[in-house]
>>> print(open('query_34.cif').read())   # mmCIF, C-alpha atoms
data_my_file
loop_
_atom_site.label_atom_id
_atom_site.label_comp_id
_atom_site.auth_asym_id
_atom_site.auth_seq_id
_atom_site.Cartn_x
_atom_site.Cartn_y
_atom_site.Cartn_z
CA MET K 117 0.00 0.00 0.00
CA THR K 118 1.41 3.41 -0.96
CA THR K 119 0.81 6.77 0.68
CA ASP K 120 1.48 10.38 -0.23
CA GLN K 121 2.44 11.20 3.35
CA PRO K 122 6.17 11.81 3.97
CA ALA K 123 8.04 9.25 6.04
CA TYR K 124 9.04 12.04 8.43
CA HIS K 125 7.31 15.22 9.48
CA PHE K 126 10.39 17.27 8.50
CA ASP K 127 13.07 16.87 5.87
CA SER K 128 15.53 19.15 7.66
CA LEU K 129 16.34 20.43 11.13
CA LEU K 130 17.98 23.80 11.82
CA PHE K 131 19.53 24.30 15.24
CA ASP K 132 20.38 27.28 17.38
CA MET K 133 23.62 26.77 19.32
CA ASP K 134 23.66 28.37 22.77
CA GLY K 135 20.95 27.09 25.07
CA THR K 136 19.90 24.49 22.52
CA LEU K 137 22.91 22.25 21.97
CA TRP K 138 25.37 23.43 24.64
CA ASP K 139 26.10 25.84 27.49
CA ALA K 140 29.33 27.77 26.93
CA VAL K 141 28.48 30.89 28.92
CA ASP K 142 31.41 30.55 31.33
CA SER K 143 33.77 30.44 28.36
CA TYR K 144 32.08 33.43 26.70
CA CYS K 145 32.51 35.35 29.95
CA ALA K 146 36.24 34.62 29.81
CA VAL K 147 36.39 35.94 26.23
CA TRP K 148 34.44 39.10 27.04
CA ASN K 149 36.41 39.78 30.21
CA ALA K 150 39.75 39.33 28.43
CA THR K 151 38.60 41.94 25.92
CA ILE K 152 37.35 44.29 28.63
CA ASP K 153 40.68 44.05 30.43
CA ILE K 154 42.53 45.09 27.28
CA LEU K 155 40.32 47.91 26.05
CA CYS K 156 38.06 49.26 28.79
CA PRO K 157 39.10 48.14 32.29
CA ASP K 158 36.56 50.49 33.88
CA VAL K 159 33.75 48.25 32.60
CA PRO K 160 32.69 45.63 35.18
CA HIS K 161 33.51 42.02 34.40
CA VAL K 162 30.75 39.99 32.79
CA THR K 163 29.18 37.27 34.95
CA TYR K 164 27.39 34.07 34.00
CA SER K 165 24.07 35.28 35.41
CA VAL K 166 24.14 38.44 33.29
CA LEU K 167 25.40 36.94 30.04
CA ALA K 168 23.05 33.94 30.21
CA THR K 169 20.06 36.28 29.94
CA MET K 170 21.45 37.67 26.68
CA MET K 171 22.10 34.45 24.83
CA GLY K 172 20.56 34.47 21.37
CA LYS K 173 20.76 38.24 20.91
CA PRO K 174 22.93 39.81 18.18
CA LEU K 175 26.43 40.67 19.37
CA THR K 176 25.83 44.37 18.86
CA ASP K 177 22.90 44.26 21.27
CA ILE K 178 25.00 42.42 23.87
CA TYR K 179 27.79 44.95 23.44
CA THR K 180 25.41 47.87 23.90
CA HIS K 181 24.10 46.39 27.14
CA LEU K 182 27.46 45.39 28.61
CA VAL K 183 29.80 48.10 27.36
CA GLY K 184 27.76 50.89 25.82
CA ASP K 185 29.66 54.04 24.85
CA ARG K 186 32.63 53.35 27.13
CA CYS K 187 34.66 51.87 24.28
CA ASP K 188 34.87 52.00 20.50
CA MET K 189 32.55 49.24 19.32
CA ASP K 190 34.41 48.35 16.11
CA LYS K 191 37.72 48.01 17.95
CA PHE K 192 36.08 46.05 20.75
CA MET K 193 34.46 43.62 18.32
CA SER K 194 37.75 43.11 16.51
CA VAL K 195 39.59 42.24 19.73
CA LEU K 196 36.64 40.16 20.96
CA THR K 197 36.78 38.10 17.77
CA ALA K 198 40.53 37.61 18.13
CA ASN K 199 40.14 36.52 21.76
CA GLU K 200 37.38 34.12 20.79
CA GLU K 201 39.58 32.62 18.06
CA GLU K 202 42.28 32.03 20.65
CA LEU K 203 40.25 30.94 23.67
CA MET K 204 37.09 29.14 22.55
CA PRO K 205 38.81 26.20 20.81
CA LYS K 206 40.44 25.49 24.18
CA LEU K 207 37.55 26.33 26.52
CA GLY K 208 34.54 25.13 24.54
CA GLY K 209 31.30 24.38 26.35
CA ALA K 210 29.22 21.56 27.80
CA LEU K 211 26.78 19.75 25.51
CA TYR K 212 23.35 19.15 26.97
CA PRO K 213 22.54 15.51 27.82
CA GLY K 214 21.77 13.37 24.79
CA VAL K 215 22.93 15.85 22.15
CA THR K 216 25.65 13.75 20.56
CA GLU K 217 23.54 10.60 20.27
CA THR K 218 20.44 12.47 19.09
CA ILE K 219 22.28 14.46 16.42
CA ALA K 220 23.93 11.29 15.13
CA GLU K 221 20.59 9.50 14.92
CA LEU K 222 18.74 12.41 13.28
CA SER K 223 21.48 12.89 10.69
CA ARG K 224 20.60 9.50 9.22
CA THR K 225 17.14 10.69 8.18
CA HIS K 226 17.34 14.50 8.01
CA ARG K 227 19.63 17.19 6.73
CA LEU K 228 20.97 19.17 9.68
CA PHE K 229 21.94 22.85 9.79
CA MET K 230 22.90 25.48 12.36
CA VAL K 231 21.84 29.13 12.55
CA SER K 232 23.18 31.31 15.36
CA ASN K 233 23.72 34.96 16.25
CA CYS K 234 27.35 34.27 17.23
CA THR K 235 30.65 35.57 15.84
CA PRO K 236 32.03 34.24 12.53
CA ASP K 237 34.11 31.59 14.30
CA GLY K 238 31.43 30.55 16.79
CA LEU K 239 29.85 27.75 14.77
CA PRO K 240 33.10 26.35 13.33
CA ASN K 241 34.56 26.29 16.86
CA PHE K 242 31.46 24.53 18.18
CA LEU K 243 31.44 21.89 15.46
CA THR K 244 35.15 21.18 15.82
CA PHE K 245 35.22 21.18 19.64
CA THR K 246 32.23 18.85 19.94
CA GLY K 247 33.12 16.56 17.03
CA LEU K 248 29.67 17.12 15.49
CA LYS K 249 30.86 18.66 12.21
CA PRO K 250 30.35 15.50 10.10
CA TYR K 251 26.62 15.50 10.86
CA PHE K 252 25.83 19.02 9.57
CA THR K 253 25.30 20.14 5.99
CA ASP K 254 25.86 23.87 6.62
CA ALA K 255 26.07 26.46 9.40
CA VAL K 256 25.39 30.20 9.17
CA SER K 257 25.88 32.95 11.75
CA TYR K 258 25.09 36.62 12.23
CA GLY K 259 28.81 37.27 12.45
CA GLU K 260 29.32 35.73 9.02
CA THR K 261 26.46 37.33 7.09
CA GLY K 262 25.52 40.41 9.12
CA HIS K 263 21.91 39.20 8.99
CA GLU K 264 19.70 38.09 11.87
CA LYS K 265 18.29 34.61 12.21
CA ASP K 266 15.12 35.00 10.16
CA VAL K 267 17.12 36.04 7.10
CA ASN K 268 19.70 33.30 7.60
CA ILE K 269 17.05 30.63 8.13
CA ALA K 270 15.22 31.70 4.97
CA MET K 271 18.52 31.74 3.07
CA LEU K 272 19.27 28.13 3.98
CA VAL K 273 15.72 27.05 3.11
CA GLU K 274 16.08 28.59 -0.35
CA LYS K 275 19.70 27.51 -0.93
CA TYR K 276 19.04 23.85 -0.19
CA GLY K 277 15.44 23.64 -1.37
CA LEU K 278 14.18 22.59 2.06
CA GLU K 279 10.51 21.65 1.87
CA ARG K 280 9.68 20.79 5.48
CA PRO K 281 12.22 22.48 7.78
CA LEU K 282 11.99 22.89 11.56
CA TYR K 283 14.01 25.39 13.59
CA ILE K 284 15.01 24.44 17.13
CA GLY K 285 15.93 27.16 19.64
CA ASP K 286 15.46 28.23 23.22
CA THR K 287 14.29 31.85 23.24
CA GLU K 288 11.32 33.98 22.27
CA GLY K 289 13.59 35.70 19.74
CA ASP K 290 14.32 32.33 18.15
CA CYS K 291 10.59 31.68 17.91
CA ARG K 292 9.89 35.03 16.26
CA SER K 293 12.77 34.62 13.81
CA SER K 294 11.65 31.14 12.85
CA HIS K 295 8.09 32.23 12.19
CA ARG K 296 9.21 35.32 10.24
CA ALA K 297 11.11 32.92 8.00
CA GLY K 298 7.95 30.82 7.56
CA VAL K 299 9.39 27.87 9.47
CA PRO K 300 7.76 26.07 12.44
CA PHE K 301 9.57 26.32 15.77
CA ALA K 302 10.45 23.83 18.50
CA TRP K 303 11.25 25.37 21.90
CA ALA K 304 14.06 23.83 23.95
CA THR K 305 12.68 24.53 27.42
CA TYR K 306 15.92 23.42 29.11
CA GLY K 307 17.87 26.37 27.62
CA PHE K 308 18.21 30.02 28.58
CA GLY K 309 14.90 31.40 27.31
CA ARG K 310 11.73 31.83 29.33
CA GLY K 311 8.17 32.82 28.48
CA VAL K 312 8.02 31.43 24.94
CA GLU K 313 4.35 31.16 24.04
CA GLU K 314 3.99 30.74 20.28
CA GLN K 315 6.08 27.60 19.79
CA ASP K 316 4.79 24.83 17.56
CA TYR K 317 6.54 22.09 19.55
CA THR K 318 8.01 21.84 23.03
CA LEU K 319 11.18 19.93 23.87
CA ASN K 320 12.00 19.09 27.46
CA SER K 321 15.07 17.22 26.19
CA ILE K 322 16.88 17.21 22.88
CA LYS K 323 15.88 13.55 22.66
CA ASP K 324 12.25 14.62 22.24
CA LEU K 325 13.11 15.65 18.67
CA ILE K 326 13.26 12.03 17.59
CA ALA K 327 9.54 11.53 18.26
CA ILE K 328 8.34 14.66 16.43
CA SER K 329 10.71 14.84 13.48
#
>>> encode(input="query_34.cif", output="C-alpha cells")
Amino acid sequence: MTTDQPAYHFDSLLFDMDGTLWDAVDSYCAVWNATIDILCPDVPHVTYSVLATMMGKPLTDIYTHLVGDRCDMDKFMSVLTANEEELMPKLGGALYPGVTETIAELSRTHRLFMVSNCTPDGLPNFLTFTGLKPYFTDAVSYGETGHEKDVNIAMLVEKYGLERPLYIGDTEGDCRSSHRAGVPFAWATYGFGRGVEEQDYTLNSIKDLIAIS
C-alpha cells in the first residue's frame, strides 16, 4: 500500500547553538572579560548570570548592554573576535545531555543545519570542539552574514530547497525569527529562554526531537 504522506514530518532540522545544543556561557565570559581588560578596564567584568540572559541576541545588542559608549565598538568587536579565536577552541562548552547521540541519529534521516547569532568563528569552533561537524550540511551565523536569524534561516531554506524544515531554539527571539522565515519552531525549554508562548513544539530534552521529526 502506498501513501502520499512523507516518512518524516520534517526533511531538515535547523539548530540554534547556545541554550539548545550546549552551554558555553562561562567560556564566553572569559572571552568578554579578556577583551574588557585590554580595552576598557573600567567596565565591570561579565558574569554568568548576566550573560546567560542575553544568549541568542545579536552581538551588537549584547555589546550595547554590557559596554555601551565606554569603548569603540568596532575596535572592541575586533579584539573580541581575536580573543574568541584564541580561547574558545580550548575552553569550549558543555553539551546538553543526549545531544551527541540524538544528532547522530537524526542525521541518518534528516539534513541538519545550524543558525546562530554568534561571531564568525562561533559555529566552526562549536562543530570542531564537539566533534559534530560531520553531521551538519551547513552552518550560518550573524557574524558571518551580518543578517539576523530570520534572514539566515530563509537563506538556507532557499539555498538547499528545504521543503519541510523545523528550527530548534530556546528563546522567544528564536521563535519570532523562525516564524518570520515561515518555518515552524520547537522550543528547547531546558535552555536560557523563558516565556516562549507561540512555539509549535516543546522539547524538554533534545531527545524529544526524535519523536516529532
>>> closest_residue(input="query_34.cif", among="K:Leu182, K:Ala168, K:Met133, K:Cys234", to="K:Thr246", atoms="all atoms listed in the file")
K:Met133
>>> atom_distance(input="query_34.cif", atom1="atom CA of K:Ala198", atom2="atom CA of K:Thr176")
16.2 Å
>>> resolve_selection(input="query_34.cif", expression="the PyMOL selection byres ((chain K and resi 202) around 12)", output="number ranges by chain")
K: 143-144, 146-147, 150-151, 195-201, 203-208, 237-238, 241
>>> closest_residue(input="query_34.cif", among="K:Gly307, K:Pro281, K:Pro174, K:Pro300", to="K:Ser128", atoms="only C-alpha atoms")
K:Pro281
>>> closest_residue(input="query_34.cif", among="K:Pro236, K:Ile152, K:Phe308, K:Thr244", to="K:Met171", atoms="only C-alpha atoms")
K:Phe308
>>> atom_distance(input="query_34.cif", atom1="atom CA of K:Asp290", atom2="atom CA of K:Gly247")
24.6 Å
>>> residues_around(input="query_34.cif", residues="K:Glu217", least_positions_apart="4", cutoff="10 Å", atoms="all atoms listed in the file", output="mmCIF file with C-alpha atoms, keeping the file's coordinate frame")
data_model
loop_
_atom_site.group_PDB
_atom_site.id
_atom_site.type_symbol
_atom_site.label_atom_id
_atom_site.label_comp_id
_atom_site.auth_asym_id
_atom_site.auth_seq_id
_atom_site.Cartn_x
_atom_site.Cartn_y
_atom_site.Cartn_z
ATOM 1 C CA PRO K 213 22.540 15.510 27.820
ATOM 2 C CA GLU K 221 20.590 9.500 14.920
ATOM 3 C CA LEU K 222 18.740 12.410 13.280
ATOM 4 C CA ILE K 322 16.880 17.210 22.880
ATOM 5 C CA LYS K 323 15.880 13.550 22.660
#
>>> resolve_selection(input="query_34.cif", expression="the PyMOL selection byres ((chain K and resi 249-255) around 8)", output="compact mmCIF listing (two decimals) with C-alpha atoms, in the frame of the given file")
# COMPACT_ATOMS: atom_id res chain seq x y z
CA ILE K 219 22.28 14.46 16.42
CA ALA K 220 23.93 11.29 15.13
CA SER K 223 21.48 12.89 10.69
CA ARG K 227 19.63 17.19 6.73
CA LEU K 228 20.97 19.17 9.68
CA PHE K 229 21.94 22.85 9.79
CA MET K 230 22.90 25.48 12.36
CA VAL K 231 21.84 29.13 12.55
CA LEU K 239 29.85 27.75 14.77
CA LEU K 243 31.44 21.89 15.46
CA THR K 244 35.15 21.18 15.82
CA THR K 246 32.23 18.85 19.94
CA GLY K 247 33.12 16.56 17.03
CA LEU K 248 29.67 17.12 15.49
CA VAL K 256 25.39 30.20 9.17
CA SER K 257 25.88 32.95 11.75
>>> closest_residue(input="query_34.cif", among="K:Gly214, K:Pro160, K:Gly135, K:Gly184", to="K:Tyr306", atoms="all atoms listed in the file")
K:Gly135
>>> atom_distance(input="query_34.cif", atom1="atom CA of K:Arg280", atom2="atom CA of K:Arg310")
26.4 Å
>>> closest_residue(input="query_34.cif", among="K:Val162, K:Val141, K:Leu175, K:Leu155", to="K:Gly259", atoms="all atoms listed in the file")
K:Leu175
>>> closest_residue(input="query_34.cif", among="K:Ile284, K:Arg224, K:Asp266, K:Tyr276", to="K:Leu325", atoms="all atoms listed in the file")
K:Ile284
>>> residues_around(input="query_34.cif", residues="K:Arg296", least_positions_apart="4", cutoff="9 Å", atoms="all atoms listed in the file", output="PyMOL selection string")
chain K and resi 266-267+270+291-292
>>> axis_aligned_box(input="query_34.cif", around="stretch 208-226 of chain K", padding_each_side="4 Å", output="JSON")
{"center_x": 25.8, "center_y": 17.3, "center_z": 17.9, "size_x": 25.4, "size_y": 23.6, "size_z": 27.8}
>>> resolve_selection(input="query_34.cif", expression="the PyMOL selection byres ((chain K and resi 305) around 7)", output="MDAnalysis selection string")
chainID K and resid 286 303:304 306:307 318:320
>>> residues_around(input="query_34.cif", residues="K:Ser294", least_positions_apart="6", cutoff="12 Å", atoms="all atoms listed in the file", output="mmCIF file with C-alpha atoms, keeping the file's coordinate frame")
data_model
loop_
_atom_site.group_PDB
_atom_site.id
_atom_site.type_symbol
_atom_site.label_atom_id
_atom_site.label_comp_id
_atom_site.auth_asym_id
_atom_site.auth_seq_id
_atom_site.Cartn_x
_atom_site.Cartn_y
_atom_site.Cartn_z
ATOM 1 C CA LEU K 129 16.340 20.430 11.130
ATOM 2 C CA LEU K 130 17.980 23.800 11.820
ATOM 3 C CA PHE K 131 19.530 24.300 15.240
ATOM 4 C CA ASP K 132 20.380 27.280 17.380
ATOM 5 C CA VAL K 231 21.840 29.130 12.550
ATOM 6 C CA SER K 232 23.180 31.310 15.360
ATOM 7 C CA GLU K 264 19.700 38.090 11.870
ATOM 8 C CA LYS K 265 18.290 34.610 12.210
ATOM 9 C CA ASP K 266 15.120 35.000 10.160
ATOM 10 C CA VAL K 267 17.120 36.040 7.100
ATOM 11 C CA ASN K 268 19.700 33.300 7.600
ATOM 12 C CA ILE K 269 17.050 30.630 8.130
ATOM 13 C CA ALA K 270 15.220 31.700 4.970
ATOM 14 C CA MET K 271 18.520 31.740 3.070
ATOM 15 C CA VAL K 273 15.720 27.050 3.110
ATOM 16 C CA PRO K 281 12.220 22.480 7.780
ATOM 17 C CA LEU K 282 11.990 22.890 11.560
ATOM 18 C CA TYR K 283 14.010 25.390 13.590
ATOM 19 C CA ILE K 284 15.010 24.440 17.130
ATOM 20 C CA GLY K 285 15.930 27.160 19.640
ATOM 21 C CA ASP K 286 15.460 28.230 23.220
ATOM 22 C CA THR K 287 14.290 31.850 23.240
ATOM 23 C CA GLU K 288 11.320 33.980 22.270
ATOM 24 C CA PRO K 300 7.760 26.070 12.440
ATOM 25 C CA PHE K 301 9.570 26.320 15.770
ATOM 26 C CA ALA K 302 10.450 23.830 18.500
ATOM 27 C CA TRP K 303 11.250 25.370 21.900
ATOM 28 C CA GLU K 314 3.990 30.740 20.280
ATOM 29 C CA GLN K 315 6.080 27.600 19.790
ATOM 30 C CA ASP K 316 4.790 24.830 17.560
#
